[in-house]
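Heads up, the thing below is written out as structure tokens.
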Amino acid sequence: MLQLYKKAQEGHWKQYGELRTTLTELASNGAYYREFITQSDWFHTGEGMRAFMFLGLSEPDNPQFVARMKRFAGLYLNEDPEAPNYDPVHKVIKSIWNGSRGR
């Protein structure tokens, strides 16, 4: 079951990374960028990250999952120059709309 779950999640990241639409700005160049949503509010980001979190829990020593989890955390710690989501002066996430491309 885990192998099927992992295959489905990999397909999900690929599909949403390749998605292009003119209906919304956040998906004009892919709804996902580097495996994470480009921009959404905290509630929907968390809702969409359930599979990601469950995969990490399923194999906590899997190097790929560990690396992804660190990259996700880096989106909110200013460790990713392409996603400046965090304001270190005020110690807050800059906008409710944030993601892998920053805001």
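Each chain in the structure tokens gets a letter, A, B and so on, in the order shown; residues start at 1 in every chain, and ligands are counted from 1 in the order they appear.
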
Using only C-alpha atoms, what table do you get, as a tab-separated table, when you list each residue of segment 57-92 of chain A with an atom no more than 12 Å from segment 35-50 of chain A, its nearest pair of atoms, and their distance in Å rounded to one decimal, rows by chain then rising number?
residue	atom	partner	partner_atom	distance
A:Leu57	CA	A:Arg50	CA	10.6
A:Phe65	CA	A:Glu35	CA	11.7
A:Ala67	CA	A:Glu35	CA	11.7
A:Arg68	CA	A:Glu35	CA	8.4
A:Met69	CA	A:Phe36	CA	10.6
A:Arg71	CA	A:Phe36	CA	9.4
A:Phe72	CA	A:Phe36	CA	7.6
A:Ala73	CA	A:Phe36	CA	11.1
A:Gly74	CA	A:Phe36	CA	11.7
A:Leu75	CA	A:Phe36	CA	9.6
A:Tyr76	CA	A:Trp42	CA	11.7
A:Glu82	CA	A:Thr38	CA	10.7
A:Ala83	CA	A:Thr38	CA	9.2
A:Asn85	CA	A:Gln39	CA	10.4

request  = Pick out the residues sitting within 12 Å of Glu25 of chain A, and hand them over as a PyMOL selection string; count only C-alpha atoms, and ignore anything fewer than 4 positions along from it in its own chain.
outcome  = chain A and resi 19-21+29-31+38-40+101

Using N, CA, C and O atoms, can you write the selected residues to a file as a short mmCIF file (atom, residue, chain, number, x, y, z; two decimals), in the first residue's frame?
data_model
loop_
_atom_site.label_atom_id
_atom_site.label_comp_id
_atom_site.auth_asym_id
_atom_site.auth_seq_id
_atom_site.Cartn_x
_atom_site.Cartn_y
_atom_site.Cartn_z
N LEU A 19 1.10 21.77 -14.46
CA LEU A 19 -0.17 22.47 -14.72
C LEU A 19 0.09 23.92 -15.13
O LEU A 19 0.88 24.62 -14.51
N ARG A 20 -0.59 24.36 -16.17
CA ARG A 20 -0.55 25.75 -16.60
C ARG A 20 -1.99 26.17 -16.87
O ARG A 20 -2.73 25.49 -17.56
N THR A 21 -2.38 27.32 -16.33
CA THR A 21 -3.72 27.83 -16.58
C THR A 21 -3.69 29.35 -16.53
O THR A 21 -2.90 29.94 -15.81
N ASN A 29 2.18 29.41 -14.04
CA ASN A 29 3.44 28.76 -14.39
C ASN A 29 3.65 27.51 -13.52
O ASN A 29 4.74 27.22 -13.07
N GLY A 30 2.55 26.80 -13.28
CA GLY A 30 2.59 25.60 -12.44
C GLY A 30 1.98 25.88 -11.08
O GLY A 30 2.31 26.86 -10.43
N ALA A 31 1.06 25.03 -10.65
CA ALA A 31 0.44 25.20 -9.34
C ALA A 31 1.42 24.82 -8.23
O ALA A 31 1.31 25.30 -7.11
N THR A 38 2.66 26.90 -5.00
CA THR A 38 3.31 28.19 -5.25
C THR A 38 2.78 29.29 -4.35
O THR A 38 3.53 30.15 -3.91
N GLN A 39 1.49 29.23 -4.08
CA GLN A 39 0.90 30.28 -3.25
C GLN A 39 -0.50 29.88 -2.81
O GLN A 39 -1.34 29.52 -3.64
N SER A 40 -0.74 29.94 -1.52
CA SER A 40 -2.07 29.68 -1.00
C SER A 40 -2.12 30.20 0.44
O SER A 40 -1.10 30.60 1.00
N ARG A 101 7.05 30.05 -4.07
CA ARG A 101 7.55 31.20 -4.82
C ARG A 101 7.56 32.46 -3.97
O ARG A 101 7.87 33.55 -4.45
#

remark   = In Å and to one decimal, atom CA of Leu55 of chain A is distant from atom CA of Ser28 of chain A by 27.7 Å

message = If we count only C-alpha atoms and set the cut-off at 10 Å, which residues sit around Lys14 of chain A, ignoring sequence neighbours fewer than 4 positions away in its own chain? Please answer as a ChimeraX atom specification.
response = /A:8-10,18-19,30,32-35

Just write the chosen residues, C-alpha atoms, as a JSON list (two decimals), in the first residue's frame.
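And here is the file that came out, part27.json:
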[["chain", "number", "residue", "atom", "x", "y", "z"],
["A", 8, "ALA", "CA", 0.44, 8.50, -6.42],
["A", 9, "GLN", "CA", 2.07, 11.36, -4.49],
["A", 10, "GLU", "CA", 4.99, 11.55, -6.92],
["A", 18, "GLU", "CA", 3.29, 20.86, -15.01],
["A", 19, "LEU", "CA", -0.17, 22.47, -14.72],
["A", 30, "GLY", "CA", 2.59, 25.60, -12.44],
["A", 32, "TYR", "CA", 3.43, 23.56, -7.65],
["A", 33, "TYR", "CA", 7.04, 24.72, -7.87],
["A", 34, "ARG", "CA", 9.79, 22.42, -6.66],
["A", 35, "GLU", "CA", 7.13, 20.07, -5.24]]

ask   = Which parts of chain A does DSSP call alpha helix (DSSP H) when run on the backbone here, written out as a PyMOL selection string?
value = chain A and resi 2-18+42-48+50-58+63-74

message = I want to know what sits within 9 Å of Lys94 of chain A, based on only C-alpha atoms, with residues of the same chain fewer than 4 positions away left out; could you give that as a ChimeraX atom specification?
response = /A:84-87,90,98,103

Using backbone DSSP assignments, extract all strand (DSSP E) residues from segment 56-103 of chain A; output them as a compact mmCIF listing (two decimals) with C-alpha atoms, in the first residue's frame.
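Okay, states.txt is ready:
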# COMPACT_ATOMS: atom_id res chain seq x y z
CA TYR A 86 9.51 35.23 6.51
CA ASP A 87 10.13 38.73 7.91
CA VAL A 92 6.25 36.84 11.15
CA ILE A 93 5.26 35.21 7.90

ask   = Which one is closest to Gln64 of chain A: A:Gly11, A:Lys6, A:Lys91, A:Asp80? Count only C-alpha atoms.
value =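 The shortest atom-to-atom distance to Gln64 of chain A comes from A:Lys6.
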
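Minimum atom-to-atom distance to Tyr5 of chain A, evaluated using only C-alpha atoms, belongs to A:Gly56 out of A:Gly17, A:Gly56, A:Pro81, A:Ala27.
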
Interatomic distance (Å, one decimal) between atom CA of Gln3 of chain A and atom CA of Phe52 of chain A =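 We find that atom CA of Gln3 of chain A and atom CA of Phe52 of chain A lie 14.0 Å from each other.
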
query = Could you state the separation of atom CA of Leu77 of chain A and atom CA of Ser100 of chain A in Å, given to one decimal place?
reply = 12.1 Å
